[in-house]
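Asks: Supplied in structure tokens, the structure appears directly below.
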Amino acid sequence: MKHILVELERRRDQARLGGGVKRIEAQHKRGKLTARERIEILLDEGSFEEFDMYVEHRCTEFGMEGSEVAGDGVVTGWGTVNGRIVYVFAKDFTVFGGSLSETHAQKICKIQDMALKARAPVIGLFDAGGARIQEGVAALGGYGEVFKRNVIASGVIPQISLIMGPCAGGDVYSPSMTDFIFMVRDTSYMFVTGPDVVKTVTNEIVTAEELGGASVHCTKSSVADGSFENDVEALLQMRRLIDFLPMNNRSDLPELPFHHGADEIDMSLDTLVPDNPNKPYDMKELILKVVDEGDFFEIQQNHAKNILCGFARMEGRTVGIVANQPIVLAGVLDIDASKKAARFVRFCDCFNIPIVTFVDVPGFLPGTVQEYGGLIKHGAKLLFAYSQATVPLITVITRKAYGGAYDVMASKHVGGDINYAWPTAEIAVMGAKGAVEVLYRSELGDAEKIAQRTKDYQDRFANPFVAAERGYIDEVIMPHSTRKRVTRALRLLRNKQQDMPWKKHDNIPL
Ligand code: HXC
């Protein structure tokens with residue numbers, strides 16, 4: 001019996017070595033951890049249970065016979081993050097560059113199937129060179145199987161991708177269909193085709209970083225939702241993110257202890273909005289003062305900074321925060337901001353996370369760049385997302401809520417459950433200056449008259465009371481009481497039920 005146990009340990013040790021000591025050293029030299037080291041940091045100590053450690057490829061072409069490595073380039077299994085179950089797969093770059101073979105794909109599919117059955121999140125750690133070139137269509141088929149499962153699980157269990165090395169070819173499309181993609185700065189990059197192919201096809205000369213590094217995907221392309229300094233920070237931040245998320249679309253929100261009194265008032269909020277309506281202020285200050293312990297996990301922090309999206313907690317329960325950011329482009333809604341917030345709102349709605357929206361928006365951004373870029377269609381995404389959301393929607397207008405953007409930003413009309421406004425709110429079709437220029441064009445030469453008209457418009461509309469008179473605003477609240485009001489509203493709506501008519505699925509303007 002003993003020799004059998006010894007043999008098991010030997011096989012395990014061999015499998016744990018992946019591509020061997022030399023390749024592990026090379027991985028470390030590049031500032032990267034191995035797949036198993038990453039899993040150890042991601043999961044609670046000792047909680048990882050590995051599956052399919054002995055799976056090997058079955059390819060016999062292009063010299064592959066006899067090159068089998070136990071595990072075949074991906075480490076799979078499950079474990080816990082602060083006691084809550086997650087399924088994990090981590091590409092092992094030391095084995096055939098983490099490339100995907102038929103059997104490698106089967107291992108990932110097994111994790112996806114098990115996670116879906118158990119209704120638990122899946123986290124994928126990527127560090128791979130795409131399809132196993134020697135396997136041809138068998139690898140392509142494997143990708144297809146993974147993609148289909150990503151889509152079936154979408155909206156049922158959270159799926160998170162962390163890119164920690166190369167992520168090329170087929171490897172990019174599975175992450176892109178998960179809920180969130182995060183990257184490690186300087187060591188990870190994502191692209192469909194690499195710099196060499198780009199040069200051949202388009203004559204462009206770019207580095208991997210310029211083509212698909214974190215600096216590109218977290219700012220320009222918005223493919224990724226955030227980036228971190230190194231492997232360790234990225235993995236610890238994934239643990240933090242998991243703490244915010246429910247296990248599935250029917251499970252309760254996680255509830256964590258909190259120390260920030262729900263009734264606490266913050267007098268500094270009474271002076272947050274400057275007297276001059278054209279002067280910006282930092283909306284993040286409001287968020288940090290209102291949510292539990294100022295803990296805010298921001299999504300797409302460096303893309304479309306004119307809108308803020310992220311997770312926080314109120315009374316220990318997760319909320320999604322969406323807020324216009326007046327210090328960037330005056331908080332205007334443009335194409336990027338609309339797409340960013342729409343996707344976030346839809347994620348929250350999938351997983352029953354209430355949404356708190358802070359509004360200070362001068363409208364949609366005018367201009368040919370925006371119109372040619374399809375502002376109508378992209379702005380509609382956010383309008384669609386809010387209108388379709390059945391989770392509790394709580395809205396606080398701090399200052400401007402102009403034009404179509406007033407409607408879009410979780411107004412009463414599109415489904416806001418509790419709509420508050422600060423006394424500084426200005427709810428109107430547009431700002432006074434613009435309104436007067438349209439209404440009194442013939443008087444534009446007369447500065448005195450125009451000044452009076454502007455003042456009249458401002459006096460009438462630059463306040464929350466016209467909307468409150470109609471019941472579009474439920475209450476005009478003191479800024480200092482915002483945390484108390486919002487937590488009470490969330491409590492009130494905890495059992496909200498709202499049904500939409502049956503449909504196969506909607507047709508959001510993509
Ligand atoms: C088989 C691969 C591989 C692959 C890397 N390797 N990619 N083996 N199939 N796709 C192997 C290498 O041969 C090497 O083996 C080891 O992994 C490490 O690779 P290196 O090239 O030495 O590492 P590095 O210099 O860091 O470069 C990493 C890389 C590069 C940028 C990922 O390897 C690369 O460009 N690979 C090919 C990428 C690619 O074109 N993939 C196919 C995409 S098409 P040894 O034994 O020497 O250590 C695709 C289609 C799917 O994915 C579409 C589905 C929709």
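Order determines the names: the first chain of the structure tokens is A, the second B, and so forth; residues in each chain are numbered 1 upward, and ligands are numbered 1 upward as they are shown.
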Give me, as a list in words, all polymer residues having an atom no more than 12 Å from A:Asp295, counting only C-alpha atoms and skipping those fewer than 4 positions away in the same chain.
Replies: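 Surrounding residues, per the criterion: Arg240, Leu241, Asp243, Phe244, Phe258, His259, His260, Lys284, Glu285, Ile287, Leu288, Lys289, Val290, Val291, Gly310, Phe311, Ala312, Arg313, Met314, Gly316, Arg317, Thr318, Val319 and Ile321 of chain A.
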Asks: For C-alpha atoms, I'd like the residues from the last selection saved as a compact mmCIF listing (two decimals), in the first residue's frame.
Replies:
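So result30.txt came out as:
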# COMPACT_ATOMS: atom_id res chain seq x y z
CA ARG A 240 -11.98 42.23 -2.64
CA LEU A 241 -14.24 42.24 -5.70
CA ASP A 243 -16.64 40.04 -1.50
CA PHE A 244 -19.00 42.50 -3.20
CA PHE A 258 -19.98 47.71 9.00
CA HIS A 259 -18.97 50.37 11.45
CA HIS A 260 -20.21 53.52 9.75
CA LYS A 284 -16.12 60.95 -5.53
CA GLU A 285 -16.00 62.91 -2.28
CA ILE A 287 -19.58 58.75 -2.73
CA LEU A 288 -16.82 58.13 -0.20
CA LYS A 289 -18.70 60.04 2.50
CA VAL A 290 -21.99 58.24 1.90
CA VAL A 291 -20.97 54.56 1.56
CA GLY A 310 -18.37 50.91 -8.90
CA PHE A 311 -19.38 48.77 -5.98
CA ALA A 312 -19.78 49.90 -2.40
CA ARG A 313 -21.81 48.84 0.62
CA MET A 314 -24.53 50.46 2.62
CA GLY A 316 -23.06 46.07 4.95
CA ARG A 317 -24.92 45.19 1.73
CA THR A 318 -23.56 45.71 -1.77
CA VAL A 319 -24.81 48.59 -3.92
CA ILE A 321 -22.93 53.36 -7.61
Asks: DSSP says alpha helix (DSSP H) for which residues of stretch 32-165 of chain A? Put them as number ranges by chain?
Replies: A: 35-42, 102-118, 137-153
Asks: If you count only C-alpha atoms, which residues fall within 12 Å of A:Val197, apart from same-chain ones fewer than 3 positions away, as an MDAnalysis selection string?
Replies: chainID A and resid 168:169 191:194 200:208 211
Asks: Go through chain A and flag each residue having an atom no more than 6 Å from ligand 1; for those, report the closest pair of atoms plus their distance in Å to one decimal, using only C-alpha atoms and all ligand atoms, ordered by chain and rising number, as a tab-separated table.
Replies:
residue	atom	partner	partner_atom_place_in_ligand_line	distance
A:Phe96	CA	ligand 1	17 (O)	4.0
A:Gly97	CA	ligand 1	17 (O)	3.2
A:Ser99	CA	ligand 1	4 (C)	4.9
A:Ala128	CA	ligand 1	32 (C)	5.9
A:Gly129	CA	ligand 1	32 (C)	3.6
A:Gly130	CA	ligand 1	52 (O)	3.7
A:Ala131	CA	ligand 1	52 (O)	3.8
A:Arg132	CA	ligand 1	9 (N)	3.5
A:Ile133	CA	ligand 1	9 (N)	4.1
A:Leu140	CA	ligand 1	54 (C)	5.3
A:Tyr143	CA	ligand 1	54 (C)	5.8
A:Pro166	CA	ligand 1	32 (C)	5.4
A:Ala168	CA	ligand 1	43 (C)	6.0
A:Gly169	CA	ligand 1	52 (O)	3.5
A:Gly170	CA	ligand 1	51 (C)	3.5
Asks: Those selected residues, please, written with C-alpha atoms and delivered as a PDB file, in the first residue's frame.
Replies:
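Written output follows (result11.pdb):
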ATOM      1  CA  PHE A  96       3.163  24.972 -24.248  1.00  0.00           C
ATOM      2  CA  GLY A  97       2.797  28.692 -23.465  1.00  0.00           C
ATOM      3  CA  SER A  99      -1.989  27.351 -25.270  1.00  0.00           C
ATOM      4  CA  ALA A 128      -1.489  32.109 -22.766  1.00  0.00           C
ATOM      5  CA  GLY A 129      -0.610  32.070 -26.416  1.00  0.00           C
ATOM      6  CA  GLY A 130      -3.993  31.183 -27.938  1.00  0.00           C
ATOM      7  CA  ALA A 131      -4.903  28.020 -29.799  1.00  0.00           C
ATOM      8  CA  ARG A 132      -2.415  25.105 -29.561  1.00  0.00           C
ATOM      9  CA  ILE A 133      -1.028  25.483 -33.041  1.00  0.00           C
ATOM     10  CA  LEU A 140     -10.666  25.903 -32.318  1.00  0.00           C
ATOM     11  CA  TYR A 143     -12.551  27.467 -27.798  1.00  0.00           C
ATOM     12  CA  PRO A 166      -0.046  37.281 -23.007  1.00  0.00           C
ATOM     13  CA  ALA A 168      -3.764  36.319 -27.747  1.00  0.00           C
ATOM     14  CA  GLY A 169      -5.943  34.878 -30.482  1.00  0.00           C
ATOM     15  CA  GLY A 170      -8.746  32.687 -29.170  1.00  0.00           C
TER      16      GLY A 170
END
Asks: Hey, what's within 7 Å of A:Gln458 if we count only C-alpha atoms and toss same-chain stuff fewer than 4 positions away? As a ChimeraX atom specification, please?
Replies: /A:432,454,462
Asks: Those residues you just picked out, can you put them in a file as an mmCIF file, in the first residue's frame with N, CA and C atoms?
Replies:
data_model
loop_
_atom_site.group_PDB
_atom_site.id
_atom_site.type_symbol
_atom_site.label_atom_id
_atom_site.label_comp_id
_atom_site.auth_asym_id
_atom_site.auth_seq_id
_atom_site.Cartn_x
_atom_site.Cartn_y
_atom_site.Cartn_z
ATOM 1 N N ALA A 432 -29.853 78.019 -18.148
ATOM 2 C CA ALA A 432 -30.578 79.264 -18.423
ATOM 3 C C ALA A 432 -30.023 80.001 -19.644
ATOM 4 N N THR A 454 -32.452 85.703 -18.544
ATOM 5 C CA THR A 454 -31.666 84.597 -17.994
ATOM 6 C C THR A 454 -31.981 84.424 -16.512
ATOM 7 N N ALA A 462 -34.009 76.820 -12.024
ATOM 8 C CA ALA A 462 -32.758 76.342 -11.420
ATOM 9 C C ALA A 462 -32.988 75.941 -9.967
#
